[in-house]
Amino acid sequence: MKLRLNKAVVATSVGALLVAGVPLAGLASTSSAASAKATYTIGVEGPFSGSDANYGQYIYGGVQLAINAANASGKYKFILKPEKFDDQGSSSLSPAAAQKAVGTKNLVAVVGPAFSGASEAAAPYYSKAHVAEVSASATAVALASGTDSNFMRTIADDSVQGKADADYLVKVKGVKNLLVIGDASFYGAGLAKVVAADATADGATVTTASIPNVNTGGGGTTTEYAPAATGIATADPGAIFYGGYSPDFGLLLSALSSAGYTASAHVIMSGDGSNSPALITSTSPASAANGVYLSEGAAGKVNFLSGKLASEYFKLTKIKASVAEYAAQAYDATNAIIAALSKTSAPKSVSTMLRKEVVANLHKVDFKGITGTIAFAGDGDLRNDTGTSAISEVENGTITFLVNEG
Amino acid sequence: MGFEHFWLSGFDQIHTAFWTYLAVGLQNGAVYAMIAVGYTLVYGVLGLINFAHGEVFMCGGFAGVFLTRGILGDRVGTGWGSVGLILAGVLIGGLVSALVATGVERVAYRPLRQRHAPKLAFLISAIGMSFFLQTLAGKEFGYGVNIFPGQVFEPGQVLFVMFGTSIHTIAVVSIVAAIVMLVIADRIVRATRLGRGIRAVSQDAETSSLMGVNIDRTITITFILGGALAGAAGFLYSLQSGIVQNAGTEVGIYAFTAAVLGGIGNLRGAALGGLFIGLFGSFSVPFAFEGNIQWTEIYTFLILVLVLIIRPTGILGEKSGRTA
């Protein structure tokens, strides 16, 4: 009896504490959030591990930069926080990342996916959940097909980059015989196709080849690079364009250099997928990458994330803004989402209705971002995507900006 | 040869670069052959395929890569220094892989053998070890991050010119190292007491144990021998391609194919099969349809199927029983 009484006393007091405590805790949390603001998550889908993790970090930094500025301004009815969803840049991992993202409470929209193949694979999951995906870096032409209203991007597609690359090779470098190699990935094969078509139109003789990549799901094997390089060196084309990513381009460059085909005697170029310091570490000897031309999907980095933004970016990420590819596009993509959100009533919790509203509002945004005017056409491409492509060259192991082409 | 017909003029290309294709093919073949021996030896004594063997190869590659990077830093090896570095890389690669192979045997094979587990259980535990090693390497050294060894010799160094073709040091090193080690392995299996043990266990494990052969010890030695060869191959492979956490999967499948092509359970067959696969891969590149390199795999495996239809037991044939 005595024992029971004690139990009852304990139970009652615990109950009383709970009853008293819950509202107190509730009050405490709302007051600390400074007025009754909703908290939303902006997802960032991209590679945060694996050989392309640097791209994920660059993009995430741009998103953080925009979110911090928005939160600090105090002019919005919501607080934002970023969250990473790692897909390693792989189309086989991105559906899982997308499912995790759409299942995340209070997630309103996603910056990304970063890679084109991953975007293609993730699209149905975002579409079904009505989550807007604003990619800062996925450039494959086919992504903005007009059938998926959730997809948008703050970067010009590969038709812009590919044309600029072809023009640079044929018109500036005077290339007559061009071998265009695709890596059999959604992005690499797509870019190769554009370059091949535009270089042919510019008057060059173009041969195409496909050397499937090893690292991003192309089904190739590393032992194939040496015989393939032998074939290329034998045919001795005046120039090579490679559509693909840096780890595989590095392997190909290594094999080409041991087969005696080098960038010092020929013209070798690749697109934004290879335009990363990772290319240098993936190439053996690293000097085999010297003289290689690299392009970027949109106008030069020169005016992006400059001045105060660049120093804030460095403070935030410890990454120099000048090497952080797509950080500027990610900054603009995040601001587009913020602009779309600010036109909603900013309810406390995220519903499908709010997500749909964000998608609809995104199609109406029109503001001057740091990369140019951010306004989306019906298919999700930038309305004004006739931008230029920044051409760089590897000089002594450093990627150095040369010129804006196109 | 008109450039516009680049990928179509297969015979023209072979005519132009026969010796280069041959050297590259032999270089890849040497690596496949050394790994294939490990598959075939383990199959010989256990009647099982060691599905973690590709990862054993990968571990040796990493060991050799880090050793040479540590010694060389940014320097480039020359002369006898290069020779010493190659020997060191091959030895450390072999040693580490032998240790890993022993570990695989202790963890994935021995406990199951002692409990008389069905064959399927061995298969699954080996696949488990394969995933474990690959994921561990990915966690430690990065997923999909290709790491190259130090420059043990001048990059793209040409050792000599034969029939007007530059033959690269890397090809010669791989081929010579493979020949030396395969001959040693062959001698061990054929002409030593140890090898007699291995052959005896292959033919009839139960009877050989009655005759005084220590089965556990013989099996361990088989794993060590196969592992050492795979590790040495790992380092040689890394000289060309660098090493990455999943290198064992793709190269392992080729080597396994080589072992079957040569006649599984047959050491010389595995070596021969490896060379064949390397050469098929290299010489089919000029015939890649519209320049798509994946056609080379189609050709290679088509030939494999044809060979096996004609000789179901492989080129040299699976010897009676499970002979090593």
# chains A, B, ... in the order shown; residues from 1 in each chain; ligands from 1
call {"tool": "closest_atom_pairs", "arguments": {"of": "chain B", "to": "chain A", "cutoff": "6 Å", "atoms": "only C-alpha atoms", "output": "tab-separated table"}}
result
residue	atom	partner	partner_atom	distance
B:Gly142	CA	A:Gly50	CA	5.9
B:Tyr143	CA	A:Gly50	CA	4.4
B:Gly144	CA	A:Ser51	CA	5.1
B:Val145	CA	A:Ser51	CA	5.0
B:Gly156	CA	A:Ser258	CA	4.2
B:Ser282	CA	A:Pro227	CA	5.2
B:Gly291	CA	A:Ala209	CA	4.1
B:Asn292	CA	A:Ser210	CA	4.3
B:Ile293	CA	A:Ile211	CA	5.2
call {"tool": "write_last_selection", "arguments": {"atoms": "C-alpha atoms", "output": "CSV table (one decimal), in the first residue's frame"}}
result
chain,number,residue,atom,x,y,z
B,142,GLY,CA,37.9,7.8,-51.2
B,143,TYR,CA,35.3,6.4,-53.5
B,144,GLY,CA,36.1,6.6,-57.1
B,145,VAL,CA,39.3,8.5,-56.3
B,156,GLY,CA,55.9,7.8,-70.8
B,282,SER,CA,43.8,-4.6,-77.1
B,291,GLY,CA,34.4,4.2,-81.9
B,292,ASN,CA,32.4,2.8,-79.0
B,293,ILE,CA,35.1,1.1,-76.9
call {"tool": "residues_around", "arguments": {"residues": "region 194-208 of chain B", "least_positions_apart": "5", "cutoff": "12 Å", "atoms": "only C-alpha atoms", "output": "number ranges by chain"}}
result
B: 40-48, 184-189, 213-223, 225, 265-267, 318-324
call {"tool": "write_last_selection", "arguments": {"atoms": "N, CA, C and O atoms", "output": "tab-separated table (two decimals), in the first residue's frame"}}
result
chain	number	residue	atom	x	y	z
B	40	THR	N	42.52	-19.60	-59.82
B	40	THR	CA	42.64	-21.00	-60.22
B	40	THR	C	43.20	-21.87	-59.09
B	40	THR	O	42.76	-23.00	-58.87
B	41	LEU	N	44.18	-21.33	-58.33
B	41	LEU	CA	44.77	-22.10	-57.23
B	41	LEU	C	43.73	-22.39	-56.15
B	41	LEU	O	43.61	-23.52	-55.68
B	42	VAL	N	42.97	-21.35	-55.78
B	42	VAL	CA	41.97	-21.54	-54.74
B	42	VAL	C	40.89	-22.50	-55.24
B	42	VAL	O	40.44	-23.39	-54.51
B	43	TYR	N	40.53	-22.37	-56.50
B	43	TYR	CA	39.55	-23.31	-57.05
B	43	TYR	C	40.10	-24.73	-56.97
B	43	TYR	O	39.37	-25.67	-56.66
B	44	GLY	N	41.39	-24.84	-57.24
B	44	GLY	CA	42.02	-26.15	-57.18
B	44	GLY	C	41.87	-26.81	-55.83
B	44	GLY	O	41.41	-27.95	-55.74
B	45	VAL	N	42.24	-26.11	-54.76
B	45	VAL	CA	42.22	-26.77	-53.45
B	45	VAL	C	40.84	-26.79	-52.80
B	45	VAL	O	40.56	-27.68	-51.99
B	46	LEU	N	39.99	-25.82	-53.11
B	46	LEU	CA	38.70	-25.78	-52.42
B	46	LEU	C	37.52	-26.10	-53.33
B	46	LEU	O	36.42	-26.36	-52.85
B	47	GLY	N	37.74	-26.04	-54.64
B	47	GLY	CA	36.63	-26.23	-55.56
B	47	GLY	C	35.67	-25.06	-55.50
B	47	GLY	O	34.48	-25.18	-55.78
B	48	LEU	N	36.19	-23.90	-55.08
B	48	LEU	CA	35.35	-22.72	-54.91
B	48	LEU	C	36.02	-21.51	-55.55
B	48	LEU	O	37.24	-21.44	-55.61
B	184	ILE	N	57.98	-18.69	-61.16
B	184	ILE	CA	58.23	-19.10	-59.77
B	184	ILE	C	57.02	-19.86	-59.21
B	184	ILE	O	57.16	-20.94	-58.63
B	185	ALA	N	55.83	-19.30	-59.43
B	185	ALA	CA	54.62	-19.95	-58.91
B	185	ALA	C	54.47	-21.35	-59.51
B	185	ALA	O	54.14	-22.31	-58.81
B	186	ASP	N	54.72	-21.45	-60.80
B	186	ASP	CA	54.60	-22.74	-61.49
B	186	ASP	C	55.57	-23.75	-60.88
B	186	ASP	O	55.22	-24.90	-60.62
B	187	ARG	N	56.81	-23.29	-60.64
B	187	ARG	CA	57.82	-24.18	-60.04
B	187	ARG	C	57.40	-24.61	-58.64
B	187	ARG	O	57.55	-25.76	-58.25
B	188	ILE	N	56.88	-23.65	-57.87
B	188	ILE	CA	56.47	-23.98	-56.50
B	188	ILE	C	55.42	-25.08	-56.52
B	188	ILE	O	55.50	-26.06	-55.80
B	189	VAL	N	54.44	-24.90	-57.40
B	189	VAL	CA	53.34	-25.87	-57.42
B	189	VAL	C	53.81	-27.22	-57.97
B	189	VAL	O	53.38	-28.28	-57.50
B	213	VAL	N	49.17	-34.85	-45.08
B	213	VAL	CA	49.19	-33.46	-45.54
B	213	VAL	C	48.30	-32.64	-44.61
B	213	VAL	O	47.18	-33.04	-44.31
B	214	ASN	N	48.84	-31.53	-44.12
B	214	ASN	CA	48.06	-30.66	-43.27
B	214	ASN	C	47.17	-29.77	-44.14
B	214	ASN	O	47.64	-28.84	-44.78
B	215	ILE	N	45.88	-30.10	-44.19
B	215	ILE	CA	44.99	-29.42	-45.14
B	215	ILE	C	44.88	-27.92	-44.86
B	215	ILE	O	45.01	-27.10	-45.75
B	216	ASP	N	44.67	-27.57	-43.57
B	216	ASP	CA	44.52	-26.16	-43.23
B	216	ASP	C	45.73	-25.36	-43.68
B	216	ASP	O	45.61	-24.27	-44.23
B	217	ARG	N	46.92	-25.94	-43.42
B	217	ARG	CA	48.16	-25.24	-43.75
B	217	ARG	C	48.27	-25.11	-45.27
B	217	ARG	O	48.62	-24.05	-45.79
B	218	THR	N	47.95	-26.17	-45.98
B	218	THR	CA	48.03	-26.14	-47.44
B	218	THR	C	47.10	-25.08	-48.02
B	218	THR	O	47.47	-24.33	-48.92
B	219	ILE	N	45.89	-25.02	-47.47
B	219	ILE	CA	44.92	-24.04	-47.98
B	219	ILE	C	45.42	-22.62	-47.71
B	219	ILE	O	45.37	-21.74	-48.58
B	220	THR	N	45.96	-22.40	-46.48
B	220	THR	CA	46.49	-21.07	-46.16
B	220	THR	C	47.60	-20.69	-47.14
B	220	THR	O	47.64	-19.57	-47.65
B	221	ILE	N	48.50	-21.65	-47.40
B	221	ILE	CA	49.61	-21.36	-48.31
B	221	ILE	C	49.09	-21.04	-49.72
B	221	ILE	O	49.60	-20.15	-50.39
B	222	THR	N	48.06	-21.73	-50.13
B	222	THR	CA	47.47	-21.46	-51.44
B	222	THR	C	46.95	-20.03	-51.51
B	222	THR	O	47.17	-19.31	-52.49
B	223	PHE	N	46.27	-19.60	-50.46
B	223	PHE	CA	45.76	-18.23	-50.41
B	223	PHE	C	46.92	-17.24	-50.42
B	223	PHE	O	46.86	-16.19	-51.07
B	225	LEU	N	49.95	-17.66	-51.67
B	225	LEU	CA	50.58	-17.66	-52.99
B	225	LEU	C	49.75	-16.85	-53.99
B	225	LEU	O	50.26	-15.95	-54.67
B	265	GLY	N	41.42	-24.22	-62.51
B	265	GLY	CA	42.14	-25.23	-61.75
B	265	GLY	C	43.52	-25.49	-62.33
B	265	GLY	O	44.33	-26.20	-61.74
B	266	ASN	N	43.80	-24.88	-63.48
B	266	ASN	CA	45.05	-25.16	-64.19
B	266	ASN	C	45.91	-23.89	-64.21
B	266	ASN	O	45.55	-22.90	-64.83
B	267	LEU	N	47.04	-23.93	-63.50
B	267	LEU	CA	47.86	-22.73	-63.34
B	267	LEU	C	48.36	-22.17	-64.66
B	267	LEU	O	48.22	-20.99	-64.96
B	318	GLU	N	40.52	-28.28	-67.92
B	318	GLU	CA	40.52	-28.47	-66.48
B	318	GLU	C	41.06	-29.87	-66.26
B	318	GLU	O	40.52	-30.82	-66.82
B	319	LYS	N	42.11	-29.97	-65.47
B	319	LYS	CA	42.70	-31.31	-65.31
B	319	LYS	C	41.76	-32.17	-64.49
B	319	LYS	O	40.91	-31.68	-63.77
B	320	SER	N	41.95	-33.48	-64.59
B	320	SER	CA	41.05	-34.40	-63.89
B	320	SER	C	41.02	-34.04	-62.41
B	320	SER	O	42.03	-33.67	-61.82
B	321	GLY	N	39.84	-34.14	-61.84
B	321	GLY	CA	39.68	-33.73	-60.47
B	321	GLY	C	39.78	-32.23	-60.39
B	321	GLY	O	39.31	-31.51	-61.27
B	322	ARG	N	40.39	-31.72	-59.36
B	322	ARG	CA	40.53	-30.27	-59.24
B	322	ARG	C	42.01	-29.96	-59.12
B	322	ARG	O	42.52	-29.66	-58.06
B	323	THR	N	42.69	-30.11	-60.21
B	323	THR	CA	44.14	-30.02	-60.16
B	323	THR	C	44.63	-28.58	-60.20
B	323	THR	O	44.10	-27.78	-60.95
B	324	ALA	N	45.63	-28.32	-59.42
B	324	ALA	CA	46.22	-26.98	-59.45
B	324	ALA	C	47.32	-26.96	-60.50
B	324	ALA	O	48.01	-27.93	-60.69
call {"tool": "atom_distance", "arguments": {"atom1": "CA of Ser274 (chain A)", "atom2": "CA of Ala390 (chain A)"}}
result
13.3 Å
call {"tool": "residues_around", "arguments": {"residues": "region 238-243 of chain B", "least_positions_apart": "2", "cutoff": "6 Å", "atoms": "only C-alpha atoms", "output": "tab-separated table (two decimals) with N, CA and C atoms, in the first residue's frame"}}
result
chain	number	residue	atom	x	y	z
B	146	ASN	N	41.00	7.97	-57.99
B	146	ASN	CA	42.12	7.22	-58.51
B	146	ASN	C	43.41	7.74	-57.91
B	147	ILE	N	44.17	6.88	-57.25
B	147	ILE	CA	45.43	7.33	-56.67
B	147	ILE	C	46.57	6.69	-57.46
B	148	PHE	N	47.48	7.54	-57.92
B	148	PHE	CA	48.60	7.05	-58.72
B	148	PHE	C	49.82	6.83	-57.84
B	235	PHE	N	50.17	-3.64	-57.93
B	235	PHE	CA	51.13	-2.53	-58.07
B	235	PHE	C	51.45	-2.27	-59.54
B	236	LEU	N	51.68	-3.33	-60.30
B	236	LEU	CA	52.00	-3.16	-61.73
B	236	LEU	C	50.85	-2.46	-62.46
call {"tool": "residues_around", "arguments": {"residues": "Ile319 (chain A)", "least_positions_apart": "2", "cutoff": "12 Å", "atoms": "only C-alpha atoms", "output": "list in words"}}
result
Asn54, Tyr55, Gln57, Tyr58, Ile59, Tyr60, Gly61, Gly62, Leu305, Ala310, Ser311, Glu312, Tyr313, Phe314, Lys315, Leu316, Thr317, Ala321, Ser322, Val323, Ala324, Glu325 and Ala327 of chain A
call {"tool": "select_by_dssp", "arguments": {"residues": "region 231-393 of chain A", "states": "strand (DSSP E)", "output": "list in words"}}
result
Ala239, Ile240, Phe241, Tyr242, Gly243, Val267, Ile268, Met269, Ser270, Tyr293, Leu294, Ser295, Glu296, Phe367, Lys368, Thr373, Ile374, Ser389, Ala390, Ile391, Ser392 and Glu393 of chain A
call {"tool": "write_last_selection", "arguments": {"atoms": "N, CA, C and O atoms", "output": "PDB file, in the first residue's frame"}}
result
ATOM      1  N   ALA A 239      42.888  17.389 -83.018  1.00  0.00           N
ATOM      2  CA  ALA A 239      42.350  17.843 -81.744  1.00  0.00           C
ATOM      3  C   ALA A 239      41.380  16.824 -81.177  1.00  0.00           C
ATOM      4  O   ALA A 239      40.794  16.032 -81.914  1.00  0.00           O
ATOM      5  N   ILE A 240      41.239  16.859 -79.857  1.00  0.00           N
ATOM      6  CA  ILE A 240      40.292  15.976 -79.177  1.00  0.00           C
ATOM      7  C   ILE A 240      39.401  16.826 -78.297  1.00  0.00           C
ATOM      8  O   ILE A 240      39.872  17.722 -77.595  1.00  0.00           O
ATOM      9  N   PHE A 241      38.095  16.544 -78.352  1.00  0.00           N
ATOM     10  CA  PHE A 241      37.211  17.101 -77.325  1.00  0.00           C
ATOM     11  C   PHE A 241      36.673  15.937 -76.525  1.00  0.00           C
ATOM     12  O   PHE A 241      36.238  14.926 -77.080  1.00  0.00           O
ATOM     13  N   TYR A 242      36.707  16.058 -75.191  1.00  0.00           N
ATOM     14  CA  TYR A 242      36.202  14.997 -74.322  1.00  0.00           C
ATOM     15  C   TYR A 242      34.997  15.489 -73.538  1.00  0.00           C
ATOM     16  O   TYR A 242      35.074  16.488 -72.816  1.00  0.00           O
ATOM     17  N   GLY A 243      33.878  14.808 -73.692  1.00  0.00           N
ATOM     18  CA  GLY A 243      32.692  15.120 -72.890  1.00  0.00           C
ATOM     19  C   GLY A 243      32.609  14.132 -71.752  1.00  0.00           C
ATOM     20  O   GLY A 243      32.341  12.957 -71.985  1.00  0.00           O
ATOM     21  N   VAL A 267      45.624  19.875 -79.797  1.00  0.00           N
ATOM     22  CA  VAL A 267      44.658  20.642 -79.010  1.00  0.00           C
ATOM     23  C   VAL A 267      43.757  19.644 -78.296  1.00  0.00           C
ATOM     24  O   VAL A 267      43.137  18.786 -78.934  1.00  0.00           O
ATOM     25  N   ILE A 268      43.717  19.706 -76.969  1.00  0.00           N
ATOM     26  CA  ILE A 268      42.828  18.828 -76.204  1.00  0.00           C
ATOM     27  C   ILE A 268      41.929  19.709 -75.343  1.00  0.00           C
ATOM     28  O   ILE A 268      42.396  20.625 -74.681  1.00  0.00           O
ATOM     29  N   MET A 269      40.634  19.426 -75.410  1.00  0.00           N
ATOM     30  CA  MET A 269      39.685  20.270 -74.678  1.00  0.00           C
ATOM     31  C   MET A 269      38.615  19.424 -74.010  1.00  0.00           C
ATOM     32  O   MET A 269      38.301  18.328 -74.476  1.00  0.00           O
ATOM     33  N   SER A 270      38.069  19.927 -72.924  1.00  0.00           N
ATOM     34  CA  SER A 270      36.945  19.267 -72.280  1.00  0.00           C
ATOM     35  C   SER A 270      36.013  20.320 -71.686  1.00  0.00           C
ATOM     36  O   SER A 270      36.358  21.506 -71.643  1.00  0.00           O
ATOM     37  N   TYR A 293      42.571  22.612 -72.615  1.00  0.00           N
ATOM     38  CA  TYR A 293      41.584  23.684 -72.494  1.00  0.00           C
ATOM     39  C   TYR A 293      40.329  23.155 -71.816  1.00  0.00           C
ATOM     40  O   TYR A 293      39.902  22.031 -72.086  1.00  0.00           O
ATOM     41  N   LEU A 294      39.770  23.969 -70.938  1.00  0.00           N
ATOM     42  CA  LEU A 294      38.561  23.565 -70.224  1.00  0.00           C
ATOM     43  C   LEU A 294      37.539  24.685 -70.318  1.00  0.00           C
ATOM     44  O   LEU A 294      37.886  25.863 -70.200  1.00  0.00           O
ATOM     45  N   SER A 295      36.279  24.297 -70.518  1.00  0.00           N
ATOM     46  CA  SER A 295      35.261  25.343 -70.602  1.00  0.00           C
ATOM     47  C   SER A 295      34.348  25.268 -69.395  1.00  0.00           C
ATOM     48  O   SER A 295      34.371  24.298 -68.633  1.00  0.00           O
ATOM     49  N   GLU A 296      33.553  26.294 -69.230  1.00  0.00           N
ATOM     50  CA  GLU A 296      32.569  26.284 -68.154  1.00  0.00           C
ATOM     51  C   GLU A 296      31.214  26.587 -68.741  1.00  0.00           C
ATOM     52  O   GLU A 296      31.103  27.321 -69.718  1.00  0.00           O
ATOM     53  N   PHE A 367      14.536  38.486 -61.540  1.00  0.00           N
ATOM     54  CA  PHE A 367      15.374  39.429 -60.799  1.00  0.00           C
ATOM     55  C   PHE A 367      16.787  39.378 -61.348  1.00  0.00           C
ATOM     56  O   PHE A 367      17.151  38.474 -62.102  1.00  0.00           O
ATOM     57  N   LYS A 368      17.571  40.380 -60.959  1.00  0.00           N
ATOM     58  CA  LYS A 368      18.935  40.414 -61.465  1.00  0.00           C
ATOM     59  C   LYS A 368      19.834  39.682 -60.480  1.00  0.00           C
ATOM     60  O   LYS A 368      20.102  40.167 -59.381  1.00  0.00           O
ATOM     61  N   THR A 373      20.301  37.767 -65.485  1.00  0.00           N
ATOM     62  CA  THR A 373      18.875  37.822 -65.143  1.00  0.00           C
ATOM     63  C   THR A 373      18.353  36.424 -64.868  1.00  0.00           C
ATOM     64  O   THR A 373      18.560  35.510 -65.662  1.00  0.00           O
ATOM     65  N   ILE A 374      17.707  36.261 -63.719  1.00  0.00           N
ATOM     66  CA  ILE A 374      17.139  34.963 -63.369  1.00  0.00           C
ATOM     67  C   ILE A 374      15.641  35.004 -63.614  1.00  0.00           C
ATOM     68  O   ILE A 374      14.883  35.618 -62.860  1.00  0.00           O
ATOM     69  N   SER A 389      30.642  31.090 -72.758  1.00  0.00           N
ATOM     70  CA  SER A 389      31.297  30.013 -72.035  1.00  0.00           C
ATOM     71  C   SER A 389      32.719  30.469 -71.711  1.00  0.00           C
ATOM     72  O   SER A 389      33.412  30.986 -72.569  1.00  0.00           O
ATOM     73  N   ALA A 390      33.119  30.272 -70.464  1.00  0.00           N
ATOM     74  CA  ALA A 390      34.463  30.697 -70.068  1.00  0.00           C
ATOM     75  C   ALA A 390      35.467  29.614 -70.431  1.00  0.00           C
ATOM     76  O   ALA A 390      35.288  28.456 -70.078  1.00  0.00           O
ATOM     77  N   ILE A 391      36.498  29.984 -71.177  1.00  0.00           N
ATOM     78  CA  ILE A 391      37.524  29.013 -71.554  1.00  0.00           C
ATOM     79  C   ILE A 391      38.752  29.233 -70.674  1.00  0.00           C
ATOM     80  O   ILE A 391      39.241  30.357 -70.526  1.00  0.00           O
ATOM     81  N   SER A 392      39.242  28.137 -70.081  1.00  0.00           N
ATOM     82  CA  SER A 392      40.458  28.201 -69.273  1.00  0.00           C
ATOM     83  C   SER A 392      41.484  27.238 -69.846  1.00  0.00           C
ATOM     84  O   SER A 392      41.160  26.397 -70.690  1.00  0.00           O
ATOM     85  N   GLU A 393      42.708  27.378 -69.384  1.00  0.00           N
ATOM     86  CA  GLU A 393      43.750  26.447 -69.811  1.00  0.00           C
ATOM     87  C   GLU A 393      44.512  25.990 -68.579  1.00  0.00           C
ATOM     88  O   GLU A 393      44.697  26.761 -67.634  1.00  0.00           O
TER      89      GLU A 393
END
call {"tool": "select_by_dssp", "arguments": {"residues": "region 148-269 of chain A", "states": "helix (DSSP H, G or I)", "output": "ChimeraX atom specification"}}
result
/A:158-172,186-201,222-235,246-258
call {"tool": "residues_around", "arguments": {"residues": "Asp379 (chain A)", "least_positions_apart": "2", "cutoff": "12 Å", "atoms": "only C-alpha atoms", "output": "VMD selection string"}}
result
chain A and resid 141 to 153 157 363 375 to 377 381 to 383
call {"tool": "atom_distance", "arguments": {"atom1": "CA of Val63 (chain A)", "atom2": "CA of Thr334 (chain A)"}}
result
5.7 Å
call {"tool": "residues_around", "arguments": {"residues": "Leu112 (chain B)", "least_positions_apart": "3", "cutoff": "12 Å", "atoms": "only C-alpha atoms", "output": "ChimeraX atom specification"}}
result
/B:104-109,115-126
call {"tool": "write_last_selection", "arguments": {"atoms": "N, CA, C and O atoms", "output": "compact mmCIF listing (two decimals), in the first residue's frame"}}
result
# COMPACT_ATOMS: atom_id res chain seq x y z
N VAL B 104 41.21 -13.20 -45.37
CA VAL B 104 39.97 -13.63 -46.03
C VAL B 104 39.73 -15.12 -45.76
O VAL B 104 38.63 -15.54 -45.42
N GLU B 105 40.82 -15.90 -45.85
CA GLU B 105 40.68 -17.34 -45.63
C GLU B 105 40.25 -17.63 -44.20
O GLU B 105 39.34 -18.42 -43.95
N ARG B 106 40.88 -16.92 -43.24
CA ARG B 106 40.57 -17.15 -41.82
C ARG B 106 39.13 -16.76 -41.48
O ARG B 106 38.45 -17.43 -40.72
N VAL B 107 38.68 -15.66 -42.07
CA VAL B 107 37.36 -15.13 -41.70
C VAL B 107 36.24 -15.77 -42.52
O VAL B 107 35.22 -16.18 -41.99
N ALA B 108 36.45 -15.86 -43.83
CA ALA B 108 35.33 -16.22 -44.70
C ALA B 108 35.31 -17.70 -45.08
O ALA B 108 34.30 -18.19 -45.54
N TYR B 109 36.44 -18.39 -44.92
CA TYR B 109 36.48 -19.78 -45.36
C TYR B 109 36.63 -20.79 -44.23
O TYR B 109 35.85 -21.73 -44.10
N ARG B 115 32.79 -26.08 -39.95
CA ARG B 115 31.41 -26.44 -39.61
C ARG B 115 30.71 -27.15 -40.76
O ARG B 115 29.50 -27.29 -40.77
N HIS B 116 31.47 -27.54 -41.77
CA HIS B 116 30.95 -28.27 -42.93
C HIS B 116 29.77 -27.55 -43.57
O HIS B 116 28.72 -28.14 -43.85
N ALA B 117 29.95 -26.25 -43.79
CA ALA B 117 28.88 -25.44 -44.38
C ALA B 117 28.71 -25.81 -45.85
O ALA B 117 29.65 -26.28 -46.49
N PRO B 118 27.50 -25.62 -46.39
CA PRO B 118 27.31 -25.89 -47.83
C PRO B 118 28.10 -24.88 -48.68
O PRO B 118 28.43 -23.79 -48.21
N LYS B 119 28.38 -25.23 -49.92
CA LYS B 119 29.23 -24.41 -50.78
C LYS B 119 28.68 -23.00 -50.96
O LYS B 119 29.44 -22.04 -51.08
N LEU B 120 27.37 -22.92 -51.01
CA LEU B 120 26.75 -21.61 -51.21
C LEU B 120 27.14 -20.63 -50.10
O LEU B 120 27.32 -19.44 -50.34
N ALA B 121 27.34 -21.16 -48.89
CA ALA B 121 27.70 -20.30 -47.76
C ALA B 121 29.08 -19.67 -47.98
O ALA B 121 29.29 -18.50 -47.66
N PHE B 122 30.01 -20.45 -48.54
CA PHE B 122 31.35 -19.92 -48.81
C PHE B 122 31.26 -18.78 -49.82
O PHE B 122 31.92 -17.76 -49.69
N LEU B 123 30.45 -19.02 -50.81
CA LEU B 123 30.28 -18.04 -51.88
C LEU B 123 29.80 -16.71 -51.30
O LEU B 123 30.35 -15.64 -51.57
N ILE B 124 28.79 -16.80 -50.44
CA ILE B 124 28.22 -15.58 -49.86
C ILE B 124 29.22 -14.91 -48.92
O ILE B 124 29.38 -13.69 -48.93
N SER B 125 29.92 -15.70 -48.11
CA SER B 125 30.85 -15.07 -47.17
C SER B 125 32.00 -14.41 -47.93
O SER B 125 32.51 -13.37 -47.52
N ALA B 126 32.41 -15.00 -49.06
CA ALA B 126 33.47 -14.37 -49.86
C ALA B 126 32.97 -13.06 -50.47
O ALA B 126 33.70 -12.06 -50.49
call {"tool": "residues_around", "arguments": {"residues": "region 303-308 of chain B", "least_positions_apart": "4", "cutoff": "9 Å", "atoms": "only C-alpha atoms", "output": "VMD selection string"}}
result
chain B and resid 257 to 258 260 to 261 277 280 298 to 299 312 to 315
call {"tool": "closest_residue", "arguments": {"among": "A:Val102, A:Val110, A:Ala118, A:Ala204", "to": "Asp87 (chain A)", "atoms": "only C-alpha atoms"}}
result
A:Ala118
call {"tool": "atom_distance", "arguments": {"atom1": "CA of Pro347 (chain A)", "atom2": "CA of Ile42 (chain A)"}}
result
15.4 Å
